[in-house]
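Report on the following structure.
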Amino acid sequence: MKNNPEKLPIVDSAKPKKLMDQVGDALRTKHYSYRTEQTYKDWIKRYILFHNKRHPKEMGEDELRAFIAHLTNERKVATSTSNQALSAILFLYRVVLQTEITLPPDLSKASRPKRLPTVLSQPEAMKIIALMRGTSRLMTKILYGSGLRIMECLRLRVKDLDFDNRQIIVRGGKGDNDRATIFPDSISAELKQQLQDVKALHQKDLAEGYGETLLPGALDKKYTNASKAWEWQFIFPASQRSTDPLTGVVRRHHLDETVLQKAIREAASRADVNKQVSPHTFRHSFATHLLQSGYDIRTVQELLGHKDVKTTMIYTHVLQRGGLAVKSPLDP
């Protein structure tokens, strides 16, 4: 009797990718950030689990409405959160599964309720900064002195500091737009010292066989050695090197935003400032104090990187005497 050779498993090279892998590929193709990729994947997983692990192809408008209603009515999430969840699931259907969903009016993105921003007085802002130390203190000075968002500050690279022309270049800000903003004279010496410290750290990384940083877009393919170049290094690097979850490459990324958030909360508490203070509060204060000093709202709009002047107009409502400098009838 002839022995049959052992059968080898058949490998199907055309086997379709898992759904989450497809989502990741689609997001990267459209140049979404890694942070957005993780957020979208998380909302899609929650949507699937909410409907007992049914495949999205088997679901549609009714299931989507039920999930958003659950978030809004039972979980009591903020409007921005429900809109984010909706965007993630719509991306899944329209881009990944290529299935169009026509949203009824009650499921369209909800408009955010108008909220006045929390603004510090100049003495409050300076008191909080004075109670901070090290890198967190310098970053907070940039938020308040230049009007940057927290991630814009953390993503600053060596080449973005223009000492000669006294400006900070924000690259790929909100809406993927670049802009120039104020370079406070008072932090020039601190920034030069920070660059010296970071350069020493970068040279140490290079000597140990590392020294790479993450480049935006596909620049790492266009410029082979740019990821190790000094001008591309982050001004506020992380204390430890980390492994890129997508490529496996060991790099030094920028500092995590939670470090600055925690430092500001603690300093605000010690300063006895009875306001809800976050890194973004310093950006609000930057805009308000410029308007109080008499600067034109269009100038402030450009410095903040607002697409529409209506966004900047909100700061006129938190000035000491309101946008029209109206005097109360109660005052003599």
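A note on labels: chains of the structure tokens are A, B, ... as shown, every chain counts residues from 1, and ligands are counted from 1 in their shown order.
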Residues at most 12 Å from Tyr40 (chain A), counting only C-alpha atoms, excluding those fewer than 3 positions away in the same chain, as an MDAnalysis selection string?
-> chainID A and resid 20 23:24 26:28 32:37 43:47 81 83:92
Selection: 6 Å around region 284-290 of chain A, only C-alpha atoms, excl. self and same-chain fewer than 3 positions, as number ranges by chain = A: 119-120, 144, 147, 281, 293, 295, 315
Writer output for current selection, N, CA and C atoms, as a PDB file, in the first residue's frame:
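Once written, again.pdb looks like this:
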```pdb
ATOM      1  N   VAL A 119     -10.698  82.044  30.490  1.00  0.00           N
ATOM      2  CA  VAL A 119      -9.576  82.950  30.238  1.00  0.00           C
ATOM      3  C   VAL A 119      -8.951  83.357  31.562  1.00  0.00           C
ATOM      4  N   LEU A 120      -7.635  83.300  31.616  1.00  0.00           N
ATOM      5  CA  LEU A 120      -6.899  83.747  32.791  1.00  0.00           C
ATOM      6  C   LEU A 120      -6.570  85.232  32.658  1.00  0.00           C
ATOM      7  N   TYR A 144       1.199  80.351  25.981  1.00  0.00           N
ATOM      8  CA  TYR A 144       0.669  81.667  26.341  1.00  0.00           C
ATOM      9  C   TYR A 144       1.288  82.792  25.517  1.00  0.00           C
ATOM     10  N   GLY A 147       0.408  81.441  21.453  1.00  0.00           N
ATOM     11  CA  GLY A 147      -0.949  81.031  21.090  1.00  0.00           C
ATOM     12  C   GLY A 147      -1.042  79.671  20.438  1.00  0.00           C
ATOM     13  N   THR A 281      -6.300  76.699  27.845  1.00  0.00           N
ATOM     14  CA  THR A 281      -6.671  77.942  28.507  1.00  0.00           C
ATOM     15  C   THR A 281      -5.654  79.040  28.205  1.00  0.00           C
ATOM     16  N   SER A 293      -5.316  94.448  24.314  1.00  0.00           N
ATOM     17  CA  SER A 293      -4.222  95.401  24.064  1.00  0.00           C
ATOM     18  C   SER A 293      -4.463  96.235  22.815  1.00  0.00           C
ATOM     19  N   TYR A 295      -5.031  95.017  19.568  1.00  0.00           N
ATOM     20  CA  TYR A 295      -4.641  94.447  18.274  1.00  0.00           C
ATOM     21  C   TYR A 295      -5.881  94.097  17.458  1.00  0.00           C
ATOM     22  N   TYR A 315     -13.751  85.553  21.374  1.00  0.00           N
ATOM     23  CA  TYR A 315     -12.941  86.175  22.418  1.00  0.00           C
ATOM     24  C   TYR A 315     -13.388  87.602  22.723  1.00  0.00           C
TER      25      TYR A 315
END
```
Rank A:Gly60, A:Ala69, A:Gly211, A:Asp21 by their smallest atom-to-atom distance to Lys41 (chain A), using only C-alpha atoms, and report the top residue only.
-> A:Asp21
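Among the candidates A:Thr243, A:Val198, A:Ala263, A:Thr79, the residue lying nearest to Lys114 (chain A) is A:Thr79 (atoms considered: only C-alpha atoms).
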Which of region 139-259 of chain A fall in helix (DSSP H, G or I), as number ranges by chain | A: 139-146, 150-154, 158-160, 185-207, 219-222, 226-228, 230-232, 257-259
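For the pair CA of Lys228 (chain A) and CA of Lys141 (chain A), the separation is 27.9 Å.
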